[in-house]
Amino acid sequence: MSDQRIAPVPAHEPPYYAVVFTSVKTADQSGYGETAQRMEELVKEVPGFLGMDHAQTPGGLSITVGYFRDADAIERWRSDVEHRAAQKRGRAEWYESYSLHVAKVERGHSFVRGEGTAL
């Protein structure tokens, strides 16, 4: 993902949803970067999309968490035609394995050094 934020996505007013996508990629990542960039652009257009965090371990485990205001926003993203095509290509070419978890966030808070106390 191209997002160069230093801080994670701040907590939002609950309830909202977190979609956790954890993956291990294949050795051949031809075309992955361009597709990931396009998916990042597309998801930002989904009404109810709140933001995204991404991390990768040196061993190759990748975790992306997308935050959405409601289940309808998740469904809009899940059913997007370009996103569906990227998912299909991911299963065929880019992922050794992955898991997806959807959770309703009932409590959240943020902290940023120099900006006072946690919310």
# chains A, B, ... in the order shown; residues from 1 in each chain; ligands from 1
$ select_by_dssp --residues "chain A" --states "alpha helix (DSSP H)" --output "list of chain:residue names"
A:Tyr32, A:Gly33, A:Glu34, A:Thr35, A:Ala36, A:Gln37, A:Arg38, A:Met39, A:Glu40, A:Glu41, A:Leu42, A:Val43, A:Ala71, A:Asp72, A:Ala73, A:Ile74, A:Glu75, A:Arg76, A:Trp77, A:Arg78, A:Val81, A:Glu82, A:His83, A:Arg84, A:Ala85, A:Ala86, A:Gln87, A:Lys88, A:Arg89
$ residues_around --residues "A:Pro47" --least-positions-apart "3" --cutoff "10 Å" --atoms "only C-alpha atoms" --output "ChimeraX atom specification"
/A:43-44,50,68-70,72-74,76-77
$ write_last_selection --atoms "N, CA, C and O atoms" --output "tab-separated table (two decimals), in the first residue's frame"
chain	number	residue	atom	x	y	z
A	43	VAL	N	-11.17	1.91	-2.69
A	43	VAL	CA	-11.83	1.78	-1.38
A	43	VAL	C	-12.07	3.15	-0.75
A	43	VAL	O	-13.05	3.35	-0.03
A	44	LYS	N	-11.21	4.11	-1.04
A	44	LYS	CA	-11.39	5.45	-0.49
A	44	LYS	C	-12.65	6.12	-1.03
A	44	LYS	O	-13.15	7.07	-0.43
A	50	LEU	N	-13.51	4.46	6.46
A	50	LEU	CA	-12.93	5.36	7.45
A	50	LEU	C	-11.40	5.43	7.39
A	50	LEU	O	-10.81	6.39	7.88
A	68	PHE	N	-14.61	0.62	8.58
A	68	PHE	CA	-15.82	1.01	7.88
A	68	PHE	C	-16.89	1.43	8.89
A	68	PHE	O	-17.00	0.84	9.96
A	69	ARG	N	-17.68	2.41	8.53
A	69	ARG	CA	-18.73	2.92	9.41
A	69	ARG	C	-19.79	1.87	9.69
A	69	ARG	O	-20.30	1.75	10.79
A	70	ASP	N	-20.16	1.06	8.67
A	70	ASP	CA	-21.25	0.10	8.86
A	70	ASP	C	-21.09	-1.09	7.92
A	70	ASP	O	-20.23	-1.10	7.04
A	72	ASP	N	-23.06	-2.04	5.59
A	72	ASP	CA	-23.39	-1.71	4.20
A	72	ASP	C	-22.15	-1.23	3.44
A	72	ASP	O	-21.97	-1.57	2.27
A	73	ALA	N	-21.29	-0.47	4.10
A	73	ALA	CA	-20.06	-0.01	3.46
A	73	ALA	C	-19.15	-1.19	3.14
A	73	ALA	O	-18.55	-1.24	2.06
A	74	ILE	N	-19.07	-2.14	4.05
A	74	ILE	CA	-18.26	-3.34	3.80
A	74	ILE	C	-18.82	-4.11	2.60
A	74	ILE	O	-18.07	-4.55	1.74
A	76	ARG	N	-20.57	-2.91	0.10
A	76	ARG	CA	-20.28	-2.16	-1.13
A	76	ARG	C	-18.85	-2.45	-1.59
A	76	ARG	O	-18.61	-2.64	-2.78
A	77	TRP	N	-17.91	-2.48	-0.67
A	77	TRP	CA	-16.52	-2.77	-1.03
A	77	TRP	C	-16.37	-4.21	-1.47
A	77	TRP	O	-15.72	-4.51	-2.47
$ atom_distance --atom1 "atom CA of A:His109" --atom2 "atom CA of A:Glu75"
25.4 Å
$ residues_around --residues "A:Ala103" --least-positions-apart "6" --cutoff "7 Å" --atoms "only C-alpha atoms" --output "JSON list (two decimals) with N, CA, C and O atoms, in the first residue's frame"
[["chain", "number", "residue", "atom", "x", "y", "z"],
["A", 17, "TYR", "N", -16.78, -0.85, 12.09],
["A", 17, "TYR", "CA", -16.31, -2.19, 11.79],
["A", 17, "TYR", "C", -14.85, -2.19, 11.37],
["A", 17, "TYR", "O", -14.38, -1.25, 10.74],
["A", 18, "ALA", "N", -14.17, -3.27, 11.72],
["A", 18, "ALA", "CA", -12.80, -3.50, 11.28],
["A", 18, "ALA", "C", -12.78, -4.78, 10.44],
["A", 18, "ALA", "O", -13.32, -5.81, 10.86],
["A", 19, "VAL", "N", -12.20, -4.68, 9.25],
["A", 19, "VAL", "CA", -12.03, -5.84, 8.38],
["A", 19, "VAL", "C", -10.54, -6.15, 8.37],
["A", 19, "VAL", "O", -9.74, -5.34, 7.91]]
$ select_by_dssp --residues "chain A" --states "strand (DSSP E)" --output "ChimeraX atom specification"
/A:16-25,49-56,61-68,95-105
$ write_last_selection --atoms "N, CA, C and O atoms" --output "CSV table (one decimal), in the first residue's frame"
chain,number,residue,atom,x,y,z
A,16,TYR,N,-18.3,0.9,14.8
A,16,TYR,CA,-17.8,0.8,13.5
A,16,TYR,C,-17.2,-0.6,13.3
A,16,TYR,O,-17.3,-1.4,14.2
A,17,TYR,N,-16.8,-0.8,12.1
A,17,TYR,CA,-16.3,-2.2,11.8
A,17,TYR,C,-14.9,-2.2,11.4
A,17,TYR,O,-14.4,-1.2,10.7
A,18,ALA,N,-14.2,-3.3,11.7
A,18,ALA,CA,-12.8,-3.5,11.3
A,18,ALA,C,-12.8,-4.8,10.4
A,18,ALA,O,-13.3,-5.8,10.9
A,19,VAL,N,-12.2,-4.7,9.3
A,19,VAL,CA,-12.0,-5.8,8.4
A,19,VAL,C,-10.5,-6.1,8.4
A,19,VAL,O,-9.7,-5.3,7.9
A,20,VAL,N,-10.2,-7.3,8.9
A,20,VAL,CA,-8.8,-7.7,9.1
A,20,VAL,C,-8.4,-8.7,8.0
A,20,VAL,O,-9.0,-9.8,8.0
A,21,PHE,N,-7.5,-8.3,7.2
A,21,PHE,CA,-7.0,-9.2,6.1
A,21,PHE,C,-5.6,-9.6,6.4
A,21,PHE,O,-4.7,-8.7,6.4
A,22,THR,N,-5.3,-10.8,6.7
A,22,THR,CA,-4.0,-11.3,7.0
A,22,THR,C,-3.5,-12.3,5.9
A,22,THR,O,-4.3,-13.2,5.5
A,23,SER,N,-2.3,-12.1,5.4
A,23,SER,CA,-1.9,-12.9,4.2
A,23,SER,C,-0.4,-13.2,4.2
A,23,SER,O,0.4,-12.6,4.9
A,24,VAL,N,-0.1,-14.3,3.5
A,24,VAL,CA,1.3,-14.6,3.1
A,24,VAL,C,1.3,-14.7,1.6
A,24,VAL,O,0.5,-15.4,1.0
A,25,LYS,N,2.2,-13.9,1.0
A,25,LYS,CA,2.2,-13.8,-0.4
A,25,LYS,C,3.1,-14.9,-1.1
A,25,LYS,O,4.0,-15.4,-0.4
A,49,PHE,N,-16.2,4.3,4.2
A,49,PHE,CA,-14.8,3.9,4.5
A,49,PHE,C,-14.2,4.9,5.4
A,49,PHE,O,-14.2,6.1,5.1
A,50,LEU,N,-13.5,4.5,6.5
A,50,LEU,CA,-12.9,5.4,7.5
A,50,LEU,C,-11.4,5.4,7.4
A,50,LEU,O,-10.8,6.4,7.9
A,51,GLY,N,-10.8,4.4,6.9
A,51,GLY,CA,-9.3,4.4,6.8
A,51,GLY,C,-8.8,3.0,6.8
A,51,GLY,O,-9.5,2.0,6.8
A,52,MET,N,-7.4,2.9,6.7
A,52,MET,CA,-6.8,1.6,6.6
A,52,MET,C,-5.4,1.7,7.3
A,52,MET,O,-4.7,2.7,7.2
A,53,ASP,N,-5.0,0.6,8.0
A,53,ASP,CA,-3.7,0.4,8.5
A,53,ASP,C,-3.1,-0.9,7.8
A,53,ASP,O,-3.8,-1.8,7.5
A,54,HIS,N,-1.8,-0.8,7.7
A,54,HIS,CA,-1.1,-2.0,7.0
A,54,HIS,C,0.2,-2.2,7.7
A,54,HIS,O,0.9,-1.2,8.0
A,55,ALA,N,0.6,-3.5,7.9
A,55,ALA,CA,1.9,-3.8,8.4
A,55,ALA,C,2.3,-5.1,7.8
A,55,ALA,O,1.5,-6.0,7.4
A,56,GLN,N,3.7,-5.3,7.8
A,56,GLN,CA,4.2,-6.5,7.2
A,56,GLN,C,5.4,-6.9,8.1
A,56,GLN,O,6.2,-6.1,8.5
A,61,LEU,N,4.5,-12.1,6.7
A,61,LEU,CA,3.1,-12.0,7.1
A,61,LEU,C,2.7,-10.6,6.9
A,61,LEU,O,3.3,-9.7,7.4
A,62,SER,N,1.6,-10.4,6.2
A,62,SER,CA,1.1,-9.0,5.9
A,62,SER,C,-0.3,-8.9,6.6
A,62,SER,O,-1.1,-9.8,6.5
A,63,ILE,N,-0.6,-7.8,7.2
A,63,ILE,CA,-1.9,-7.5,7.8
A,63,ILE,C,-2.4,-6.2,7.4
A,63,ILE,O,-1.7,-5.2,7.5
A,64,THR,N,-3.6,-6.1,6.8
A,64,THR,CA,-4.3,-4.9,6.5
A,64,THR,C,-5.6,-4.9,7.2
A,64,THR,O,-6.3,-5.8,7.2
A,65,VAL,N,-5.8,-3.7,7.9
A,65,VAL,CA,-7.1,-3.5,8.6
A,65,VAL,C,-7.8,-2.4,7.9
A,65,VAL,O,-7.3,-1.3,7.9
A,66,GLY,N,-9.0,-2.6,7.4
A,66,GLY,CA,-9.8,-1.5,6.9
A,66,GLY,C,-10.9,-1.2,7.9
A,66,GLY,O,-11.5,-2.1,8.5
A,67,TYR,N,-11.2,0.0,8.0
A,67,TYR,CA,-12.2,0.5,9.0
A,67,TYR,C,-13.4,1.1,8.2
A,67,TYR,O,-13.2,1.9,7.3
A,68,PHE,N,-14.6,0.6,8.6
A,68,PHE,CA,-15.8,1.0,7.9
A,68,PHE,C,-16.9,1.4,8.9
A,68,PHE,O,-17.0,0.8,10.0
A,95,TYR,N,-1.3,-14.9,-3.5
A,95,TYR,CA,-1.4,-15.3,-2.1
A,95,TYR,C,-1.2,-16.8,-1.9
A,95,TYR,O,-1.8,-17.6,-2.6
A,96,GLU,N,-0.3,-17.1,-1.0
A,96,GLU,CA,0.0,-18.5,-0.6
A,96,GLU,C,-1.2,-18.9,0.3
A,96,GLU,O,-1.7,-20.0,0.3
A,97,SER,N,-1.6,-17.9,1.2
A,97,SER,CA,-2.7,-18.1,2.1
A,97,SER,C,-3.2,-16.8,2.6
A,97,SER,O,-2.5,-15.8,2.6
A,98,TYR,N,-4.5,-16.7,3.1
A,98,TYR,CA,-5.0,-15.5,3.7
A,98,TYR,C,-6.1,-15.9,4.6
A,98,TYR,O,-6.7,-16.9,4.5
A,99,SER,N,-6.5,-15.0,5.5
A,99,SER,CA,-7.7,-15.1,6.3
A,99,SER,C,-8.3,-13.7,6.4
A,99,SER,O,-7.6,-12.7,6.2
A,100,LEU,N,-9.6,-13.7,6.5
A,100,LEU,CA,-10.4,-12.4,6.6
A,100,LEU,C,-11.3,-12.5,7.8
A,100,LEU,O,-11.9,-13.5,8.0
A,101,HIS,N,-11.2,-11.4,8.6
A,101,HIS,CA,-12.1,-11.4,9.8
A,101,HIS,C,-12.8,-10.0,9.8
A,101,HIS,O,-12.2,-9.0,9.5
A,102,VAL,N,-14.1,-10.0,10.1
A,102,VAL,CA,-14.9,-8.8,10.2
A,102,VAL,C,-15.3,-8.7,11.7
A,102,VAL,O,-15.9,-9.6,12.2
A,103,ALA,N,-15.0,-7.6,12.3
A,103,ALA,CA,-15.4,-7.4,13.7
A,103,ALA,C,-16.1,-6.0,13.9
A,103,ALA,O,-15.7,-5.0,13.3
A,104,LYS,N,-17.1,-6.0,14.8
A,104,LYS,CA,-17.7,-4.8,15.2
A,104,LYS,C,-16.9,-4.2,16.3
A,104,LYS,O,-16.7,-4.8,17.3
A,105,VAL,N,-16.5,-2.9,16.1
A,105,VAL,CA,-15.7,-2.2,17.2
A,105,VAL,C,-16.7,-1.5,18.1
A,105,VAL,O,-17.5,-0.7,17.6
$ closest_residue --among "A:Pro8, A:Pro14, A:Pro58, A:Gly33" --to "A:Glu106" --atoms "only C-alpha atoms"
A:Pro14
$ atom_distance --atom1 "atom CA of A:Thr26" --atom2 "atom CA of A:Glu93"
7.2 Å
$ residues_around --residues "A:Leu42" --least-positions-apart "5" --cutoff "12 Å" --atoms "only C-alpha atoms" --output "number ranges by chain"
A: 35-37, 47, 49, 76-78, 80-84, 86
$ write_last_selection --atoms "C-alpha atoms" --output "mmCIF file, in the first residue's frame"
data_model
loop_
_atom_site.group_PDB
_atom_site.id
_atom_site.type_symbol
_atom_site.label_atom_id
_atom_site.label_comp_id
_atom_site.auth_asym_id
_atom_site.auth_seq_id
_atom_site.Cartn_x
_atom_site.Cartn_y
_atom_site.Cartn_z
ATOM 1 C CA THR A 35 -3.322 -3.587 -8.266
ATOM 2 C CA ALA A 36 -2.890 -2.816 -4.553
ATOM 3 C CA GLN A 37 -2.532 0.882 -5.391
ATOM 4 C CA PRO A 47 -19.145 5.834 1.338
ATOM 5 C CA PHE A 49 -14.826 3.893 4.481
ATOM 6 C CA ARG A 76 -20.279 -2.157 -1.129
ATOM 7 C CA TRP A 77 -16.524 -2.771 -1.028
ATOM 8 C CA ARG A 78 -16.853 -6.556 -1.074
ATOM 9 C CA ASP A 80 -17.111 -3.851 -6.148
ATOM 10 C CA VAL A 81 -16.443 -5.323 -9.613
ATOM 11 C CA GLU A 82 -12.755 -4.311 -9.755
ATOM 12 C CA HIS A 83 -12.214 -5.521 -6.200
ATOM 13 C CA ARG A 84 -13.793 -8.897 -7.056
ATOM 14 C CA ALA A 86 -8.446 -8.395 -7.873
#
$ atom_distance --atom1 "atom CA of A:Lys88" --atom2 "atom CA of A:Gly48"
24.2 Å
$ closest_residue --among "A:Ala71, A:Arg89, A:Ala7, A:Gly59" --to "A:Tyr32" --atoms "only C-alpha atoms"
A:Arg89
$ closest_residue --among "A:Ala85, A:Gly60, A:Gly114, A:Val9" --to "A:Arg38" --atoms "only C-alpha atoms"
A:Ala85
$ closest_residue --among "A:Thr57, A:Glu40, A:Arg107, A:Arg91" --to "A:Ala11" --atoms "only C-alpha atoms"
A:Arg107
